[in-house]
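S.K.: Got my_file_12.cif for you, mmCIF, C-alpha atoms:
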data_entry
loop_
_atom_site.group_PDB
_atom_site.id
_atom_site.type_symbol
_atom_site.label_atom_id
_atom_site.label_comp_id
_atom_site.auth_asym_id
_atom_site.auth_seq_id
_atom_site.Cartn_x
_atom_site.Cartn_y
_atom_site.Cartn_z
ATOM 1 C CA ALA Q 1 -30.219 43.336 39.738
ATOM 2 C CA MET Q 2 -26.931 43.222 41.684
ATOM 3 C CA LEU Q 3 -26.676 47.010 41.726
ATOM 4 C CA GLN Q 4 -30.295 47.242 42.777
ATOM 5 C CA ALA Q 5 -29.638 44.841 45.688
ATOM 6 C CA VAL Q 6 -26.606 46.726 47.043
ATOM 7 C CA ARG Q 7 -28.359 50.071 46.646
ATOM 8 C CA ALA Q 8 -31.338 48.746 48.617
ATOM 9 C CA ASP Q 9 -29.267 47.536 51.600
ATOM 10 C CA PRO Q 10 -26.087 49.328 52.739
ATOM 11 C CA LYS Q 11 -25.073 46.245 54.767
ATOM 12 C CA ILE Q 12 -24.631 44.079 51.667
ATOM 13 C CA GLY Q 13 -20.908 43.876 50.964
ATOM 14 C CA ILE Q 14 -20.894 41.166 48.298
ATOM 15 C CA VAL Q 15 -23.653 39.919 46.031
ATOM 16 C CA GLY Q 16 -23.522 37.017 43.590
ATOM 17 C CA CYS Q 17 -25.926 34.921 41.575
ATOM 18 C CA PRO Q 18 -26.366 31.376 40.266
ATOM 19 C CA SER Q 19 -24.960 30.379 36.913
ATOM 20 C CA VAL Q 20 -26.057 28.252 33.988
ATOM 21 C CA GLY Q 21 -23.426 26.042 32.379
ATOM 22 C CA GLU Q 22 -22.835 25.231 28.748
ATOM 23 C CA ASP Q 23 -25.064 22.181 29.185
ATOM 24 C CA ASP Q 24 -27.876 24.415 30.528
ATOM 25 C CA ARG Q 25 -27.343 22.926 34.001
ATOM 26 C CA TRP Q 26 -28.142 25.348 36.831
ATOM 27 C CA VAL Q 27 -25.324 25.815 39.378
ATOM 28 C CA PRO Q 28 -26.196 27.610 42.631
ATOM 29 C CA ALA Q 29 -22.710 29.258 42.824
ATOM 30 C CA TYR Q 30 -22.871 29.699 46.586
ATOM 31 C CA GLU Q 31 -22.485 27.708 49.790
ATOM 32 C CA LEU Q 32 -24.129 27.985 53.183
ATOM 33 C CA SER Q 33 -20.951 27.028 55.068
ATOM 34 C CA TYR Q 34 -17.190 27.312 54.728
ATOM 35 C CA PRO Q 35 -14.708 24.534 53.951
ATOM 36 C CA GLY Q 36 -13.907 22.805 57.224
ATOM 37 C CA ARG Q 37 -17.003 24.201 58.965
ATOM 38 C CA ARG Q 38 -19.862 22.175 57.508
ATOM 39 C CA GLY Q 39 -21.653 22.140 60.881
ATOM 40 C CA SER Q 40 -21.777 25.938 61.002
ATOM 41 C CA VAL Q 41 -24.383 26.930 58.437
ATOM 42 C CA VAL Q 42 -25.548 30.396 57.430
ATOM 43 C CA ARG Q 43 -29.320 30.458 57.220
ATOM 44 C CA ALA Q 44 -30.263 31.322 53.645
ATOM 45 C CA GLU Q 45 -33.764 32.613 54.120
ATOM 46 C CA THR Q 46 -34.780 34.416 50.980
ATOM 47 C CA GLN Q 47 -35.983 37.916 51.722
ATOM 48 C CA ALA Q 48 -38.874 39.178 49.635
ATOM 49 C CA THR Q 49 -37.105 42.355 48.644
ATOM 50 C CA SER Q 50 -36.750 43.621 45.126
ATOM 51 C CA PRO Q 51 -34.778 41.759 43.879
ATOM 52 C CA PRO Q 52 -35.082 38.879 46.379
ATOM 53 C CA VAL Q 53 -31.808 38.096 48.173
ATOM 54 C CA ALA Q 54 -30.629 35.196 50.347
ATOM 55 C CA ASP Q 55 -27.803 35.396 52.882
ATOM 56 C CA VAL Q 56 -25.087 32.804 52.242
ATOM 57 C CA ALA Q 57 -21.585 32.026 53.515
ATOM 58 C CA TRP Q 58 -19.923 32.748 50.191
ATOM 59 C CA VAL Q 59 -20.637 33.279 46.514
ATOM 60 C CA SER Q 60 -18.625 32.183 43.507
ATOM 61 C CA GLY Q 61 -16.146 34.597 42.009
ATOM 62 C CA ALA Q 62 -17.547 33.685 38.587
ATOM 63 C CA CYS Q 63 -19.976 36.566 39.043
ATOM 64 C CA LEU Q 64 -20.033 38.833 42.041
ATOM 65 C CA LEU Q 65 -20.324 42.506 42.855
ATOM 66 C CA ALA Q 66 -18.442 43.985 45.815
ATOM 67 C CA ARG Q 67 -19.196 47.248 47.548
ATOM 68 C CA ARG Q 68 -16.279 49.702 47.594
ATOM 69 C CA ALA Q 69 -16.694 50.393 51.338
ATOM 70 C CA MET Q 70 -16.400 46.661 52.030
ATOM 71 C CA ILE Q 71 -13.228 46.427 49.947
ATOM 72 C CA GLU Q 72 -11.746 49.432 51.750
ATOM 73 C CA GLN Q 73 -12.509 47.794 55.103
ATOM 74 C CA VAL Q 74 -11.466 44.172 54.487
ATOM 75 C CA GLY Q 75 -9.018 44.654 51.621
ATOM 76 C CA PRO Q 76 -9.004 43.315 48.059
ATOM 77 C CA LEU Q 77 -8.898 39.698 46.941
ATOM 78 C CA ASP Q 78 -5.862 37.963 48.448
ATOM 79 C CA PRO Q 79 -3.313 37.482 45.621
ATOM 80 C CA ASP Q 80 -1.763 34.527 47.478
ATOM 81 C CA PHE Q 81 -4.727 32.410 46.417
ATOM 82 C CA PHE Q 82 -4.305 31.283 42.839
ATOM 83 C CA MET Q 83 -7.617 30.764 41.063
ATOM 84 C CA TYR Q 84 -9.340 28.809 43.845
ATOM 85 C CA TYR Q 85 -10.761 29.907 47.214
ATOM 86 C CA GLU Q 86 -9.982 33.594 46.727
ATOM 87 C CA ASP Q 87 -13.734 34.222 46.545
ATOM 88 C CA VAL Q 88 -14.388 32.079 49.636
ATOM 89 C CA ASP Q 89 -11.676 33.945 51.559
ATOM 90 C CA TRP Q 90 -13.034 37.351 50.525
ATOM 91 C CA CYS Q 91 -16.582 36.489 51.527
ATOM 92 C CA TYR Q 92 -15.317 35.047 54.823
ATOM 93 C CA ARG Q 93 -13.447 38.268 55.604
ATOM 94 C CA ALA Q 94 -16.483 40.351 54.631
ATOM 95 C CA ARG Q 95 -18.800 38.382 56.907
ATOM 96 C CA GLN Q 96 -16.238 38.530 59.740
ATOM 97 C CA SER Q 97 -16.444 42.328 59.394
ATOM 98 C CA ALA Q 98 -20.266 42.270 59.645
ATOM 99 C CA TRP Q 99 -20.996 42.700 55.921
ATOM 100 C CA ARG Q 100 -23.793 40.677 54.372
ATOM 101 C CA VAL Q 101 -22.927 38.223 51.605
ATOM 102 C CA VAL Q 102 -25.986 37.417 49.517
ATOM 103 C CA THR Q 103 -27.060 35.659 46.370
ATOM 104 C CA LEU Q 104 -29.862 36.583 43.998
ATOM 105 C CA PRO Q 105 -31.752 33.292 43.621
ATOM 106 C CA ALA Q 106 -33.953 34.545 40.789
ATOM 107 C CA GLU Q 107 -31.057 35.739 38.592
ATOM 108 C CA ALA Q 108 -28.407 33.777 36.692
ATOM 109 C CA ILE Q 109 -25.447 34.269 34.381
ATOM 110 C CA ARG Q 110 -24.047 31.995 31.679
ATOM 111 C CA HIS Q 111 -20.750 30.534 32.937
ATOM 112 C CA HIS Q 112 -18.489 28.231 30.979
ATOM 113 C CA LEU Q 113 -17.453 26.281 34.063
ATOM 114 C CA GLY Q 114 -13.907 24.950 34.035
ATOM 115 C CA ARG Q 115 -12.877 26.509 30.734
ATOM 116 C CA ALA Q 116 -9.858 28.291 32.258
ATOM 117 C CA ALA Q 117 -8.864 25.174 34.201
ATOM 118 C CA ARG Q 118 -8.874 23.092 30.986
ATOM 119 C CA GLN Q 119 -5.894 25.108 29.749
ATOM 120 C CA VAL Q 120 -3.576 23.341 32.215
ATOM 121 C CA PRO Q 121 -3.117 19.642 33.042
ATOM 122 C CA PRO Q 122 -5.828 18.282 35.392
ATOM 123 C CA GLU Q 123 -3.247 17.311 38.018
ATOM 124 C CA LEU Q 124 -2.034 20.922 38.185
ATOM 125 C CA THR Q 125 -5.620 22.154 38.572
ATOM 126 C CA ALA Q 126 -6.181 19.659 41.405
ATOM 127 C CA GLN Q 127 -2.891 20.646 43.039
ATOM 128 C CA ARG Q 128 -3.817 24.346 42.930
ATOM 129 C CA ALA Q 129 -7.285 23.676 44.360
ATOM 130 C CA VAL Q 130 -5.872 21.641 47.262
ATOM 131 C CA ALA Q 131 -3.127 24.203 47.946
ATOM 132 C CA SER Q 132 -5.683 27.009 48.073
ATOM 133 C CA ARG Q 133 -8.003 25.006 50.330
ATOM 134 C CA LEU Q 134 -5.131 24.355 52.743
ATOM 135 C CA ARG Q 135 -4.172 28.040 52.627
ATOM 136 C CA PHE Q 136 -7.744 28.939 53.569
ATOM 137 C CA PHE Q 137 -7.558 26.563 56.559
ATOM 138 C CA ARG Q 138 -4.225 28.014 57.748
ATOM 139 C CA LYS Q 139 -5.407 31.592 57.308
ATOM 140 C CA HIS Q 140 -8.742 31.367 59.098
ATOM 141 C CA TYR Q 141 -8.644 28.493 61.584
ATOM 142 C CA SER Q 142 -6.583 27.704 64.651
ATOM 143 C CA PRO Q 143 -3.319 25.826 63.970
ATOM 144 C CA ALA Q 144 -4.752 22.635 65.520
ATOM 145 C CA ARG Q 145 -7.969 22.774 63.467
ATOM 146 C CA ALA Q 146 -6.046 23.621 60.286
ATOM 147 C CA TRP Q 147 -3.728 20.665 60.936
ATOM 148 C CA TRP Q 148 -6.638 18.220 61.362
ATOM 149 C CA LEU Q 149 -8.411 19.553 58.292
ATOM 150 C CA THR Q 150 -5.169 19.212 56.321
ATOM 151 C CA VAL Q 151 -4.832 15.592 57.479
ATOM 152 C CA GLY Q 152 -8.410 15.015 56.275
ATOM 153 C CA VAL Q 153 -7.715 16.500 52.849
ATOM 154 C CA VAL Q 154 -4.515 14.487 52.444
ATOM 155 C CA ALA Q 155 -6.257 11.265 53.563
ATOM 156 C CA SER Q 156 -9.169 11.912 51.193
ATOM 157 C CA ASN Q 157 -6.808 12.514 48.281
ATOM 158 C CA LEU Q 158 -4.823 9.392 49.144
ATOM 159 C CA VAL Q 159 -7.964 7.249 49.213
ATOM 160 C CA GLY Q 160 -9.066 8.746 45.883
ATOM 161 C CA TRP Q 161 -5.680 8.020 44.356
ATOM 162 C CA LEU Q 162 -5.760 4.428 45.640
ATOM 163 C CA LEU Q 163 -9.270 3.895 44.248
ATOM 164 C CA TRP Q 164 -8.092 5.270 40.903
ATOM 165 C CA LEU Q 165 -5.056 3.003 40.965
ATOM 166 C CA ALA Q 166 -6.840 -0.155 42.226
ATOM 167 C CA PRO Q 167 -8.317 -1.333 38.874
ATOM 168 C CA SER Q 168 -4.862 -1.376 37.288
ATOM 169 C CA LEU Q 169 -3.504 -3.589 40.059
#
Written as structure tokens, that's how I'd like the structure from this file.
M.R.:
Amino acid sequence: AMLQAVRADPKIGIVGCPSVGEDDRWVPAYELSYPGRRGSVVRAETQATSPPVADVAWVSGACLLARRAMIEQVGPLDPDFFMYYEDVDWCYRARQSAWRVVTLPAEAIRHHLGRAARQVPPELTAQRAVASRLRFFRKHYSPARAWWLTVGVVASNLVGWLLWLAPSL
């Protein structure tokens, strides 16, 4: 279905699909906005093509197909992101270069969510996720906006840590 979608529209640069977890829970595996830009939403109107596609801001790297011409134009995945936000960054760069990023709402893959992350301590996973999020902010937003978003992430993590610690006090 992914191949069929990119063959049907030469403007599609990246296509992904939802996933189904080990618990049979459906996970959309896409977002309509980027981290730090929740007010700027991509309209995800499903187009009645075959297969049906919906434009989104980004799709999960758990399952995606990228067009070679898009990769040649925007470059490969950024190796400076470790495990988190590399897919968001790639989709952002693709959309900035006028490529479509779409999901196939009627398709799904089986994804064992978090299995790779379980191989390392949870605090290291959280640290990597935050570091990648902050890298995304610094890479794509103005220094002032990236600074404010960083302050927000740090404040949110501090509040979460305090709430976790509070019962033991």
S.K.: Is it possible to get the residues within 10 Å of (-6.2, 26.2, 50.4) (coordinates as in the file, counting all atoms listed in the file) written as JSON, numbers by chain?
M.R.: {"Q": [35, 80, 81, 82, 84, 85, 86, 89, 127, 128, 129, 130, 131, 132, 133, 134, 135, 136, 137, 138, 139, 150]}
S.K.: Please enumerate the residues selected by the PyMOL selection byres ((chain Q and resi 111) around 8) when evaluated against the supplied file, formatted as a list in words.
M.R.: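 That expression, the PyMOL selection byres ((chain Q and resi 111) around 8), corresponds here to Ser19, Val20, Gly21, Glu22, Ala62, Ile109, Arg110, His112 and Leu113 of chain Q.
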S.K.: Between Q:Leu65, Q:Ile71, Q:Leu162, Q:Cys91, single out the one closest to Ser33 in chain Q, counting all atoms listed in the file.
M.R.: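 Answer, going by the shortest atom-to-atom distance: Q:Cys91.
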S.K.: Which of these, Q:Ala29, Q:Leu3, Q:Ala144, Q:Ile14, has the shortest distance to Arg93 in chain Q once you count only C-alpha atoms?
M.R.: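 The closest residue to Arg93 in chain Q is Q:Ile14.
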S.K.: Kindly indicate which residue among Q:Thr125, Q:Thr46, Q:Thr103, Q:Asn157 lies nearest to Ile12 in chain Q, using all atoms listed in the file for the distances.
M.R.: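 Closest residue, counting all atoms listed in the file: Q:Thr103.
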S.K.: Tell me which residues the PyMOL selection byres ((chain Q and resi 73) around 12) grabs here, as a list in words.
M.R.: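 For this structure, the PyMOL selection byres ((chain Q and resi 73) around 12) captures Gly13, Ala66, Arg67, Arg68, Ala69, Met70, Ile71, Glu72, Val74, Gly75, Pro76, Trp90, Arg93, Ala94, Arg95, Gln96, Ser97, Ala98 and Trp99 of chain Q.
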S.K.: Just to confirm, what's the straight-line distance from CA of Trp148 in chain Q to CA of Val42 in chain Q in Å (one decimal)?
M.R.: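 Atom-to-atom, CA of Trp148 in chain Q and CA of Val42 in chain Q are spaced 22.8 Å apart.
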S.K.: Using only C-alpha atoms, which residues sit within 9 Å of Gly36 in chain Q once same-chain residues fewer than 5 positions away are excluded, as a compact mmCIF listing (two decimals) with C-alpha atoms, in the frame of the given file?
M.R.:
# COMPACT_ATOMS: atom_id res chain seq x y z
CA PHE Q 137 -7.56 26.56 56.56
CA TYR Q 141 -8.64 28.49 61.58
CA ARG Q 145 -7.97 22.77 63.47
CA ALA Q 146 -6.05 23.62 60.29
CA LEU Q 149 -8.41 19.55 58.29
S.K.: Can range 10-38 of chain Q be brought up to N, CA and C atoms and written out as a short mmCIF file (atom, residue, chain, number, x, y, z; two decimals), keeping the file's coordinate frame?
M.R.:
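Saved to part-v9.cif:
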data_model
loop_
_atom_site.label_atom_id
_atom_site.label_comp_id
_atom_site.auth_asym_id
_atom_site.auth_seq_id
_atom_site.Cartn_x
_atom_site.Cartn_y
_atom_site.Cartn_z
N PRO Q 10 -27.48 48.91 52.56
CA PRO Q 10 -26.09 49.33 52.74
C PRO Q 10 -25.24 48.32 53.50
N LYS Q 11 -25.84 47.27 54.05
CA LYS Q 11 -25.07 46.24 54.77
C LYS Q 11 -24.61 45.12 53.86
N ILE Q 12 -25.10 45.10 52.61
CA ILE Q 12 -24.63 44.08 51.67
C ILE Q 12 -23.25 44.49 51.16
N GLY Q 13 -22.27 43.62 51.41
CA GLY Q 13 -20.91 43.88 50.96
C GLY Q 13 -20.58 43.17 49.67
N ILE Q 14 -21.14 41.96 49.50
CA ILE Q 14 -20.89 41.17 48.30
C ILE Q 14 -22.20 40.52 47.88
N VAL Q 15 -22.47 40.57 46.59
CA VAL Q 15 -23.65 39.92 46.03
C VAL Q 15 -23.23 39.09 44.82
N GLY Q 16 -23.78 37.89 44.72
CA GLY Q 16 -23.52 37.02 43.59
C GLY Q 16 -24.83 36.45 43.07
N CYS Q 17 -24.71 35.55 42.11
CA CYS Q 17 -25.93 34.92 41.58
C CYS Q 17 -25.58 33.54 41.04
N PRO Q 18 -26.60 32.69 40.86
CA PRO Q 18 -26.37 31.38 40.27
C PRO Q 18 -25.85 31.50 38.83
N SER Q 19 -25.41 30.38 38.30
CA SER Q 19 -24.96 30.38 36.91
C SER Q 19 -25.58 29.20 36.18
N VAL Q 20 -25.57 29.31 34.87
CA VAL Q 20 -26.06 28.25 33.99
C VAL Q 20 -24.88 27.84 33.12
N GLY Q 21 -24.56 26.54 33.13
CA GLY Q 21 -23.43 26.04 32.38
C GLY Q 21 -23.72 25.87 30.90
N GLU Q 22 -22.70 25.46 30.19
CA GLU Q 22 -22.84 25.23 28.75
C GLU Q 22 -23.89 24.17 28.43
N ASP Q 23 -24.08 23.25 29.37
CA ASP Q 23 -25.06 22.18 29.18
C ASP Q 23 -26.44 22.57 29.71
N ASP Q 24 -26.63 23.86 29.98
CA ASP Q 24 -27.88 24.42 30.53
C ASP Q 24 -28.19 23.90 31.94
N ARG Q 25 -27.17 23.38 32.61
CA ARG Q 25 -27.34 22.93 34.00
C ARG Q 25 -27.20 24.13 34.93
N TRP Q 26 -28.14 24.25 35.87
CA TRP Q 26 -28.14 25.35 36.83
C TRP Q 26 -27.17 25.02 37.96
N VAL Q 27 -26.30 25.98 38.30
CA VAL Q 27 -25.32 25.82 39.38
C VAL Q 27 -25.59 26.92 40.39
N PRO Q 28 -25.86 26.57 41.65
CA PRO Q 28 -26.20 27.61 42.63
C PRO Q 28 -25.12 28.68 42.81
N ALA Q 29 -23.84 28.32 42.71
CA ALA Q 29 -22.71 29.26 42.82
C ALA Q 29 -22.63 29.94 44.18
N TYR Q 30 -23.03 29.22 45.21
CA TYR Q 30 -22.87 29.70 46.59
C TYR Q 30 -22.84 28.49 47.51
N GLU Q 31 -22.44 28.74 48.75
CA GLU Q 31 -22.48 27.71 49.79
C GLU Q 31 -23.03 28.34 51.06
N LEU Q 32 -23.59 27.51 51.91
CA LEU Q 32 -24.13 27.98 53.18
C LEU Q 32 -23.14 27.81 54.33
N SER Q 33 -21.98 27.20 54.05
CA SER Q 33 -20.95 27.03 55.07
C SER Q 33 -19.58 27.15 54.40
N TYR Q 34 -18.55 27.18 55.24
CA TYR Q 34 -17.19 27.31 54.73
C TYR Q 34 -16.49 25.96 54.74
N PRO Q 35 -15.48 25.78 53.90
CA PRO Q 35 -14.71 24.53 53.95
C PRO Q 35 -14.18 24.32 55.37
N GLY Q 36 -14.38 23.11 55.88
CA GLY Q 36 -13.91 22.80 57.22
C GLY Q 36 -14.87 23.20 58.33
N ARG Q 37 -16.01 23.79 57.96
CA ARG Q 37 -17.00 24.20 58.96
C ARG Q 37 -18.41 23.81 58.50
N ARG Q 38 -18.57 22.60 58.05
CA ARG Q 38 -19.86 22.18 57.51
C ARG Q 38 -20.97 22.19 58.56
#
